[in-house]
>>> print(open('input-v1.cif').read())   # mmCIF, C-alpha atoms
data_final
#
loop_
_atom_site.label_atom_id
_atom_site.label_comp_id
_atom_site.auth_asym_id
_atom_site.auth_seq_id
_atom_site.Cartn_x
_atom_site.Cartn_y
_atom_site.Cartn_z
CA MET E 1 0.83 17.90 -0.44
CA GLY E 2 -1.02 15.40 -2.52
CA TYR E 3 0.03 13.15 -5.33
CA GLY E 4 -1.95 14.20 -8.34
CA LEU E 5 -5.49 14.11 -6.94
CA PRO E 6 -6.69 17.69 -7.52
CA ALA E 7 -10.29 16.94 -6.43
CA LEU E 8 -9.01 15.60 -3.09
CA GLU E 9 -6.64 18.53 -2.62
CA GLU E 10 -9.50 20.91 -3.31
CA LEU E 11 -11.66 19.18 -0.70
CA VAL E 12 -8.86 19.39 1.87
CA GLU E 13 -8.46 23.10 1.07
CA SER E 14 -12.22 23.58 1.52
CA PHE E 15 -12.06 22.19 5.03
CA ARG E 16 -8.99 24.30 5.79
CA LYS E 17 -10.99 27.43 4.99
CA ILE E 18 -13.08 26.79 8.11
CA LYS E 19 -11.50 28.93 10.84
CA GLY E 20 -9.77 26.77 13.44
CA VAL E 21 -9.32 23.73 11.18
CA GLY E 22 -5.65 22.81 10.61
CA ARG E 23 -4.04 20.76 7.87
CA LYS E 24 -4.20 17.40 9.67
CA SER E 25 -7.87 17.80 10.66
CA ALA E 26 -8.78 18.95 7.15
CA GLU E 27 -7.09 15.89 5.63
CA ARG E 28 -8.72 13.56 8.13
CA MET E 29 -12.19 14.96 7.42
CA ALA E 30 -11.66 14.98 3.63
CA PHE E 31 -10.73 11.28 3.70
CA GLU E 32 -13.74 10.48 5.87
CA VAL E 33 -15.99 12.27 3.39
CA LEU E 34 -14.50 10.19 0.55
CA ASN E 35 -15.64 7.12 2.46
CA PHE E 36 -19.21 8.49 2.60
CA SER E 37 -21.82 6.96 0.29
CA ASP E 38 -22.74 9.19 -2.67
CA GLU E 39 -26.09 9.99 -1.02
CA LYS E 40 -24.48 10.95 2.27
CA ALA E 41 -21.95 13.21 0.52
CA GLU E 42 -24.71 14.86 -1.50
CA ALA E 43 -26.78 15.37 1.66
CA PHE E 44 -23.76 16.99 3.33
CA ALA E 45 -23.23 19.34 0.36
CA ALA E 46 -26.95 20.14 0.24
CA SER E 47 -27.07 20.96 3.97
CA ILE E 48 -24.32 23.56 3.48
CA VAL E 49 -26.08 25.28 0.57
CA ASN E 50 -29.46 25.00 2.32
CA ALA E 51 -28.20 26.47 5.61
CA LYS E 52 -26.53 29.40 3.81
CA LYS E 53 -29.70 30.03 1.81
CA LYS E 54 -32.19 29.78 4.67
CA ILE E 55 -30.33 31.27 7.59
CA LYS E 56 -30.30 35.05 7.76
CA LYS E 57 -29.87 37.45 10.63
CA CYS E 58 -32.68 38.52 12.94
CA SER E 59 -33.53 42.15 12.18
CA ASN E 60 -34.01 42.84 15.90
CA CYS E 61 -31.13 41.08 17.70
CA PHE E 62 -28.81 39.87 14.86
CA ASN E 63 -29.03 36.28 16.04
CA PHE E 64 -29.23 33.71 13.23
CA SER E 65 -32.78 33.27 12.03
CA GLU E 66 -34.70 31.50 9.29
CA GLY E 67 -37.36 34.22 9.31
CA GLU E 68 -37.21 38.03 9.50
CA VAL E 69 -37.21 37.80 13.30
CA CYS E 70 -35.48 34.96 15.20
CA PRO E 71 -37.34 32.33 17.26
CA VAL E 72 -36.28 34.01 20.53
CA CYS E 73 -37.45 37.51 19.55
CA SER E 74 -40.72 36.15 18.18
CA ASP E 75 -41.51 34.00 21.23
CA PRO E 76 -44.22 35.74 23.32
CA GLU E 77 -43.11 33.79 26.42
CA ARG E 78 -39.69 35.49 26.55
CA ASP E 79 -39.05 38.29 29.01
CA ARG E 80 -38.42 41.38 26.88
CA SER E 81 -37.16 43.45 29.83
CA THR E 82 -33.85 41.54 30.01
CA VAL E 83 -31.35 41.51 27.15
CA CYS E 84 -28.26 39.32 27.15
CA VAL E 85 -25.53 40.89 24.99
CA VAL E 86 -23.17 38.41 23.32
CA GLU E 87 -20.32 38.65 20.82
CA ASP E 88 -21.67 36.10 18.35
CA ALA E 89 -24.67 33.94 17.56
CA ARG E 90 -22.87 30.79 18.68
CA THR E 91 -23.06 32.03 22.26
CA VAL E 92 -26.84 32.35 21.88
CA PHE E 93 -26.88 28.72 20.81
CA ALA E 94 -24.82 27.71 23.87
CA LEU E 95 -26.97 29.75 26.27
CA GLU E 96 -30.21 28.42 24.77
CA ASN E 97 -28.97 24.89 25.42
CA VAL E 98 -28.81 25.75 29.13
CA ARG E 99 -32.55 26.47 29.05
CA ASN E 100 -32.75 28.61 32.16
CA TYR E 101 -32.43 32.03 30.57
CA LYS E 102 -35.80 33.47 29.63
CA GLY E 103 -34.86 36.95 28.38
CA THR E 104 -33.85 38.01 24.86
CA TYR E 105 -30.42 38.47 23.22
CA HIS E 106 -28.45 41.04 21.30
CA VAL E 107 -25.57 39.87 19.09
CA LEU E 108 -22.79 42.48 18.81
CA GLU E 109 -21.07 40.64 15.93
CA GLY E 110 -17.66 40.94 17.53
CA ALA E 111 -15.90 42.80 20.31
CA ILE E 112 -13.91 46.01 20.54
CA SER E 113 -10.43 45.14 19.29
CA PRO E 114 -8.07 48.03 18.46
CA LEU E 115 -5.56 45.48 17.11
CA GLU E 116 -8.07 44.31 14.50
CA GLY E 117 -9.22 47.87 13.89
CA LYS E 118 -12.63 47.07 15.37
CA GLY E 119 -14.23 49.91 17.30
CA PRO E 120 -17.73 50.41 18.77
CA ALA E 121 -18.97 51.67 15.38
CA GLN E 122 -18.26 48.29 13.79
CA LEU E 123 -20.43 46.49 16.35
CA ARG E 124 -24.23 46.38 16.70
CA ILE E 125 -24.11 48.87 19.58
CA LYS E 126 -26.21 51.54 17.83
CA GLU E 127 -28.93 48.92 17.34
CA LEU E 128 -28.69 47.96 21.02
CA LEU E 129 -29.19 51.60 22.06
CA GLU E 130 -32.20 51.81 19.75
CA ARG E 131 -33.70 48.76 21.46
CA ILE E 132 -33.06 50.35 24.88
CA ASN E 133 -34.85 53.49 23.64
CA ASN E 134 -37.79 51.68 22.09
CA GLU E 135 -38.32 48.60 24.24
CA ASN E 136 -38.89 48.57 27.97
CA ILE E 137 -35.50 47.15 28.93
CA GLY E 138 -34.61 47.01 32.62
CA GLU E 139 -31.43 44.95 32.58
CA VAL E 140 -28.60 44.32 30.15
CA ILE E 141 -26.52 41.21 30.95
CA VAL E 142 -23.14 41.60 29.26
CA ALA E 143 -22.04 38.08 28.27
CA THR E 144 -19.04 38.99 26.12
CA ASN E 145 -16.09 36.60 26.33
CA SER E 146 -13.68 36.67 29.22
CA THR E 147 -10.85 37.94 26.99
CA ALA E 148 -9.17 41.35 26.82
CA GLU E 149 -11.50 42.32 23.94
CA GLY E 150 -14.61 40.99 25.68
CA GLU E 151 -13.73 42.80 28.91
CA THR E 152 -13.06 46.08 27.10
CA THR E 153 -16.41 45.77 25.34
CA ALA E 154 -18.18 45.03 28.63
CA MET E 155 -16.64 48.12 30.31
CA TYR E 156 -17.52 50.28 27.29
CA LEU E 157 -21.14 49.08 27.32
CA ALA E 158 -21.47 49.58 31.09
CA LYS E 159 -20.29 53.21 30.82
CA LEU E 160 -22.63 53.81 27.90
CA ILE E 161 -25.78 52.13 29.21
CA SER E 162 -25.72 52.64 33.01
CA PRO E 163 -26.40 56.43 32.67
CA LEU E 164 -29.60 55.57 30.80
CA GLY E 165 -31.02 54.13 34.02
CA VAL E 166 -30.66 50.54 32.84
CA LYS E 167 -29.07 47.96 35.15
CA VAL E 168 -25.93 46.47 33.57
CA THR E 169 -24.68 43.11 34.87
CA ARG E 170 -21.88 40.73 33.90
CA LEU E 171 -21.88 36.90 34.07
CA ALA E 172 -20.31 35.51 37.27
CA TYR E 173 -16.68 34.50 37.17
CA GLY E 174 -15.45 31.54 39.14
CA ILE E 175 -14.39 27.94 39.20
CA PRO E 176 -16.08 25.95 36.41
CA PHE E 177 -18.49 23.34 37.74
CA GLY E 178 -16.63 20.07 38.21
CA GLY E 179 -13.33 21.95 38.03
CA GLU E 180 -10.55 21.17 40.47
CA LEU E 181 -9.10 24.12 42.32
CA ASP E 182 -5.49 23.16 41.66
CA HIS E 183 -6.16 23.19 37.93
CA ALA E 184 -7.63 26.69 37.90
CA ASP E 185 -5.41 29.54 36.76
CA GLU E 186 -4.57 32.43 39.10
CA ILE E 187 -6.91 34.98 37.56
CA THR E 188 -9.85 32.56 37.76
CA LEU E 189 -9.01 31.78 41.39
CA SER E 190 -8.63 35.45 42.27
CA ARG E 191 -12.00 36.25 40.67
CA ALA E 192 -13.62 33.28 42.40
CA ILE E 193 -12.44 34.71 45.75
CA GLU E 194 -13.63 38.23 44.87
CA GLY E 195 -17.05 36.87 43.91
CA ARG E 196 -17.45 34.57 46.92
CA ARG E 197 -20.96 34.15 48.30
CA GLU E 198 -22.27 33.34 51.72
CA ILE E 199 -23.66 29.84 52.11
CA ASN E 200 -27.03 29.84 53.84
CA MET C 1 -30.14 21.32 20.85
CA GLY C 2 -31.06 24.34 18.82
CA TYR C 3 -33.86 26.84 19.02
CA GLY C 4 -35.97 26.40 15.94
CA LEU C 5 -33.34 26.65 13.19
CA PRO C 6 -33.76 23.31 11.38
CA ALA C 7 -31.33 24.24 8.57
CA LEU C 8 -28.61 24.99 11.14
CA GLU C 9 -29.33 21.80 13.07
CA GLU C 10 -29.11 19.81 9.85
CA LEU C 11 -25.74 21.38 9.05
CA VAL C 12 -24.43 20.54 12.54
CA GLU C 13 -25.66 16.95 12.09
CA SER C 14 -23.90 16.79 8.72
CA PHE C 15 -20.57 17.65 10.33
CA ARG C 16 -21.22 15.16 13.15
CA LYS C 17 -21.50 12.39 10.56
CA ILE C 18 -17.79 12.76 9.86
CA LYS C 19 -16.08 10.12 11.99
CA GLY C 20 -14.12 11.71 14.83
CA VAL C 21 -16.10 14.98 14.87
CA GLY C 22 -17.89 15.61 18.17
CA ARG C 23 -20.82 17.89 18.94
CA LYS C 24 -18.79 20.96 19.91
CA SER C 25 -16.55 20.77 16.85
CA ALA C 26 -19.54 20.23 14.58
CA GLU C 27 -21.28 23.29 16.03
CA ARG C 28 -18.14 25.39 15.75
CA MET C 29 -17.64 24.44 12.10
CA ALA C 30 -21.33 24.92 11.22
CA PHE C 31 -21.26 28.45 12.63
CA GLU C 32 -18.06 29.22 10.74
CA VAL C 33 -19.69 28.02 7.52
CA LEU C 34 -22.67 30.33 8.18
CA ASN C 35 -20.19 33.20 8.23
CA PHE C 36 -18.86 32.19 4.80
CA SER C 37 -19.88 34.26 1.78
CA ASP C 38 -22.48 32.56 -0.45
CA GLU C 39 -19.78 31.87 -3.08
CA LYS C 40 -17.43 30.30 -0.52
CA ALA C 41 -20.20 28.07 0.88
CA GLU C 42 -21.18 26.99 -2.63
CA ALA C 43 -17.55 26.24 -3.49
CA PHE C 44 -17.31 24.12 -0.32
CA ALA C 45 -20.43 22.16 -1.23
CA ALA C 46 -19.24 21.74 -4.82
CA SER C 47 -15.84 20.44 -3.71
CA ILE C 48 -17.57 17.68 -1.71
CA VAL C 49 -19.74 16.56 -4.61
CA ASN C 50 -16.85 16.90 -7.06
CA ALA C 51 -14.42 14.88 -4.93
CA LYS C 52 -16.98 12.10 -4.43
CA LYS C 53 -17.70 12.04 -8.17
CA LYS C 54 -14.12 12.10 -9.40
CA ILE C 55 -12.26 10.05 -6.84
CA LYS C 56 -12.50 6.30 -7.26
CA LYS C 57 -10.23 3.51 -6.17
CA CYS C 58 -7.17 2.39 -8.10
CA SER C 59 -7.91 -1.01 -9.66
CA ASN C 60 -4.39 -2.17 -8.85
CA CYS C 61 -3.60 -0.96 -5.30
CA PHE C 62 -6.97 0.43 -4.00
CA ASN C 63 -5.43 3.82 -3.29
CA PHE C 64 -7.71 6.77 -4.14
CA SER C 65 -7.45 7.70 -7.78
CA GLU C 66 -9.07 10.01 -10.30
CA GLY C 67 -8.32 7.57 -13.10
CA GLU C 68 -8.60 3.78 -13.45
CA VAL C 69 -5.07 3.46 -12.03
CA CYS C 70 -3.68 5.83 -9.37
CA PRO C 71 -0.84 8.31 -9.98
CA VAL C 72 1.62 6.09 -8.06
CA CYS C 73 0.82 2.89 -9.99
CA SER C 74 0.91 4.72 -13.32
CA ASP C 75 4.24 6.47 -12.63
CA PRO C 76 7.00 4.70 -14.62
CA GLU C 77 9.64 6.07 -12.21
CA ARG C 78 8.32 4.05 -9.24
CA ASP C 79 10.07 0.87 -8.16
CA ARG C 80 7.56 -1.93 -8.78
CA SER C 81 9.59 -4.51 -6.84
CA THR C 82 8.72 -2.95 -3.46
CA VAL C 83 5.14 -2.73 -2.17
CA CYS C 84 4.20 -0.86 0.98
CA VAL C 85 1.04 -2.36 2.51
CA VAL C 86 -1.13 0.13 4.43
CA GLU C 87 -4.51 -0.01 6.14
CA ASP C 88 -6.02 2.97 4.33
CA ALA C 89 -5.43 5.49 1.58
CA ARG C 90 -4.76 8.25 4.09
CA THR C 91 -1.51 6.54 5.04
CA VAL C 92 -0.49 6.63 1.37
CA PHE C 93 -1.11 10.37 1.47
CA ALA C 94 1.05 10.72 4.60
CA LEU C 95 3.88 8.57 3.19
CA GLU C 96 3.84 10.41 -0.14
CA ASN C 97 4.32 13.67 1.73
CA VAL C 98 7.60 12.27 3.10
CA ARG C 99 8.84 11.92 -0.49
CA ASN C 100 11.59 9.37 0.14
CA TYR C 101 9.65 6.19 -0.62
CA LYS C 102 9.91 5.23 -4.28
CA GLY C 103 8.05 1.89 -4.35
CA THR C 104 4.32 1.29 -4.81
CA TYR C 105 1.49 0.75 -2.32
CA HIS C 106 -1.29 -1.69 -1.54
CA VAL C 107 -4.27 -0.49 0.49
CA LEU C 108 -5.84 -3.26 2.59
CA GLU C 109 -8.97 -1.20 3.41
CA GLY C 110 -8.79 -2.04 7.09
CA ALA C 111 -7.06 -4.44 9.45
CA ILE C 112 -7.92 -7.82 10.92
CA SER C 113 -10.29 -7.13 13.81
CA PRO C 114 -12.23 -10.05 15.29
CA LEU C 115 -14.15 -7.57 17.48
CA GLU C 116 -15.50 -5.80 14.40
CA GLY C 117 -15.99 -9.11 12.62
CA LYS C 118 -13.28 -8.22 10.11
CA GLY C 119 -11.20 -11.16 8.92
CA PRO C 120 -8.59 -11.53 6.15
CA ALA C 121 -11.37 -12.19 3.61
CA GLN C 122 -12.76 -8.68 4.19
CA LEU C 123 -9.40 -7.09 3.33
CA ARG C 124 -7.66 -6.68 -0.04
CA ILE C 125 -5.28 -9.57 0.77
CA LYS C 126 -6.39 -11.74 -2.16
CA GLU C 127 -5.55 -8.85 -4.49
CA LEU C 128 -2.15 -8.44 -2.81
CA LEU C 129 -1.37 -12.12 -3.40
CA GLU C 130 -2.40 -11.72 -7.03
CA ARG C 131 0.03 -8.82 -7.39
CA ILE C 132 2.80 -10.93 -5.81
CA ASN C 133 2.01 -13.69 -8.33
CA ASN C 134 1.85 -11.42 -11.36
CA GLU C 135 4.33 -8.63 -10.63
CA ASN C 136 8.00 -9.11 -9.84
CA ILE C 137 7.75 -8.16 -6.15
CA GLY C 138 10.86 -8.66 -4.01
CA GLU C 139 9.83 -6.91 -0.78
CA VAL C 140 6.59 -6.19 1.04
CA ILE C 141 6.88 -3.45 3.68
CA VAL C 142 4.01 -3.90 6.14
CA ALA C 143 3.04 -0.40 7.30
CA THR C 144 -0.15 -1.24 9.17
CA ASN C 145 -0.81 0.81 12.30
CA SER C 146 0.94 0.08 15.57
CA THR C 147 -2.32 -1.10 17.19
CA ALA C 148 -3.44 -4.60 18.20
CA GLU C 149 -5.33 -4.91 14.88
CA GLY C 150 -2.43 -3.57 12.83
CA GLU C 151 0.05 -5.92 14.53
CA THR C 152 -2.21 -8.94 14.04
CA THR C 153 -2.55 -8.07 10.38
CA ALA C 154 1.23 -7.65 10.02
CA MET C 155 1.89 -11.08 11.59
CA TYR C 156 -0.78 -12.68 9.41
CA LEU C 157 0.71 -11.17 6.25
CA ALA C 158 4.28 -12.18 7.22
CA LYS C 159 3.20 -15.81 7.72
CA LEU C 160 1.31 -15.76 4.43
CA ILE C 161 3.87 -14.01 2.23
CA SER C 162 7.31 -15.08 3.56
CA PRO C 163 6.86 -18.70 2.31
CA LEU C 164 6.40 -17.28 -1.21
CA GLY C 165 10.05 -16.20 -1.16
CA VAL C 166 9.19 -12.51 -0.75
CA LYS C 167 10.99 -10.47 1.90
CA VAL C 168 8.53 -9.06 4.43
CA THR C 169 9.60 -6.04 6.51
CA ARG C 170 7.93 -3.83 9.09
CA LEU C 171 8.45 -0.10 9.69
CA ALA C 172 10.96 0.65 12.46
CA TYR C 173 9.61 1.29 15.94
CA GLY C 174 11.31 3.78 18.19
CA ILE C 175 11.36 7.18 19.74
CA PRO C 176 9.64 9.72 17.49
CA PHE C 177 12.03 12.33 16.10
CA GLY C 178 12.14 15.26 18.50
CA GLY C 179 10.56 13.09 21.20
CA GLU C 180 11.86 13.20 24.75
CA LEU C 181 12.73 9.87 26.30
CA ASP C 182 10.90 10.54 29.54
CA HIS C 183 7.68 11.19 27.63
CA ALA C 184 7.80 7.90 25.69
CA ASP C 185 5.62 5.04 26.95
CA GLU C 186 7.16 1.77 28.08
CA ILE C 187 6.35 -0.27 24.99
CA THR C 188 7.86 2.37 22.72
CA LEU C 189 11.00 2.49 24.89
CA SER C 190 11.29 -1.28 25.01
CA ARG C 191 10.96 -1.46 21.21
CA ALA C 192 13.47 1.34 20.75
CA ILE C 193 15.98 -0.69 22.79
CA GLU C 194 15.24 -3.88 20.83
CA GLY C 195 15.72 -2.04 17.56
CA ARG C 196 18.91 -0.21 18.60
CA ARG C 197 21.54 0.35 15.92
CA GLU C 198 25.29 0.74 16.02
CA ILE C 199 26.55 4.25 15.37
CA ASN C 200 29.36 4.31 12.85
#
>>> encode(input="input-v1.cif", output="structure tokens")
Amino acid sequence: MGYGLPALEELVESFRKIKGVGRKSAERMAFEVLNFSDEKAEAFAASIVNAKKKIKKCSNCFNFSEGEVCPVCSDPERDRSTVCVVEDARTVFALENVRNYKGTYHVLEGAISPLEGKGPAQLRIKELLERINNENIGEVIVATNSTAEGETTAMYLAKLISPLGVKVTRLAYGIPFGGELDHADEITLSRAIEGRREIN
Amino acid sequence: MGYGLPALEELVESFRKIKGVGRKSAERMAFEVLNFSDEKAEAFAASIVNAKKKIKKCSNCFNFSEGEVCPVCSDPERDRSTVCVVEDARTVFALENVRNYKGTYHVLEGAISPLEGKGPAQLRIKELLERINNENIGEVIVATNSTAEGETTAMYLAKLISPLGVKVTRLAYGIPFGGELDHADEITLSRAIEGRREIN
């Protein structure tokens, strides 16, 4: 790679360090950044340092937060009896964009993955149990991903929490809105049939 | 968007300012950067500022360069009689990775695009003509993109440069290596037939 431009190669390598960014994308973005004005490039660099400096984790739910407690946990309007459990803070962001969930969150910081050597002890499950003990929680919505790891985690949590007298629910599976049936995979279709609802 | 994390929103907006990066990608990358260590995030920010500071344009060919003249133009091994004309410096990067081109380059900094109000005067065509006058150039390979703008620019350059007694060539069109014929579009197929070569 490259032809004697170490500063450019370093910038490409910086972009490649972002998970999910491949060589071509990293090169494309690095060249775009070189076309930025000096001010725009400096603002970009400053926003990275600023975000890292200001954004910490909420001490209650482990969502990203600029203060000790995140905006959701500190909002008196939120329904504290319902907790939505997610794998990472990005899911909180996505769910907050939907704007129809009014409960709180709990970020596990991952999912049970024996292949990656990640067990329940590596997740924020202890902290979730503490919240169930201390707060008046009536329902835990398990919104882990629909992957093998996410499903395993959901089953584990259900077995752990249901005996405590707390209702445990899982997000509905089905055809994505706007999705065409002939494009859906078999597992999605089979779950959409299982979860069918009466129209009334 | 967002839920009261201005530093995160600013970081997402920073990524969105990179041409070709959409909202979802910007969010994904911003969250990945938040998971960086402080050192890694600072190194990322520094590489942006450093690249912008160090990388200028070559005064001869307008390729990116850390010095007054780029590594290609200053390499005595390169064949100065052949100039490959490209729309942007990224193409130089791509062609240099191929490692079988031994001539020099000339970066136009765009293509003729009446829709964007970009005419020949906005491109580095004057500088190309100066090089043809001053250097002993025997062939100009026009490697503009295979788009309407790139083709227009190639035709314009051919009409301008051929009368000066300089050979003007264009990159070969055809089926991409590894490409299946039934996946190629009609124009590509038609050009592959036009450009067919005898096997011997």
>>> resolve_selection(input="input-v1.cif", expression="the PyMOL selection byres ((chain C and resi 78-82) around 8)", output="number ranges by chain")
C: 72-73, 75-77, 83-84, 102-104, 135-141
>>> residues_around(input="input-v1.cif", residues="Arg90 in chain C", least_positions_apart="4", cutoff="10 Å", atoms="all atoms listed in the file", output="list in words")
Glu27, Arg28, Ala30, Phe31 and Glu32 of chain E; Asn63, Phe64, Val86, Ala94, Leu95, Glu96 and Val107 of chain C
>>> resolve_selection(input="input-v1.cif", expression="the PyMOL selection byres ((chain E) within 6 of (chain C))", output="MDAnalysis selection string")
chainID E and resid 1 7:8 11 14 34 44:45 47 51:52 97
>>> atom_distance(input="input-v1.cif", atom1="CA of Pro163 in chain E", atom2="CA of Cys61 in chain E")
22.0 Å
>>> resolve_selection(input="input-v1.cif", expression="the PyMOL selection byres ((chain C and resi 126) around 12)", output="list in words")
Asn60, Cys61, His106, Val107, Leu108, Pro120, Ala121, Gln122, Leu123, Arg124, Ile125, Glu127, Leu128, Leu129, Glu130, Arg131, Ile132, Asn133, Leu157, Leu160 and Ile161 of chain C
>>> atom_distance(input="input-v1.cif", atom1="CA of Gly110 in chain C", atom2="CA of Val168 in chain C")
18.9 Å
>>> atom_distance(input="input-v1.cif", atom1="CA of Val85 in chain E", atom2="CA of Leu171 in chain E")
10.6 Å
>>> residues_near_point(input="input-v1.cif", point="(10.8, 1.5, 21.6)", cutoff="12 Å", atoms="all atoms listed in the file", output="list in words")
Ser146, Ala172, Tyr173, Gly174, Ile175, Pro176, Gly179, Leu181, His183, Ala184, Asp185, Glu186, Ile187, Thr188, Leu189, Ser190, Arg191, Ala192, Ile193, Glu194, Gly195 and Arg196 of chain C
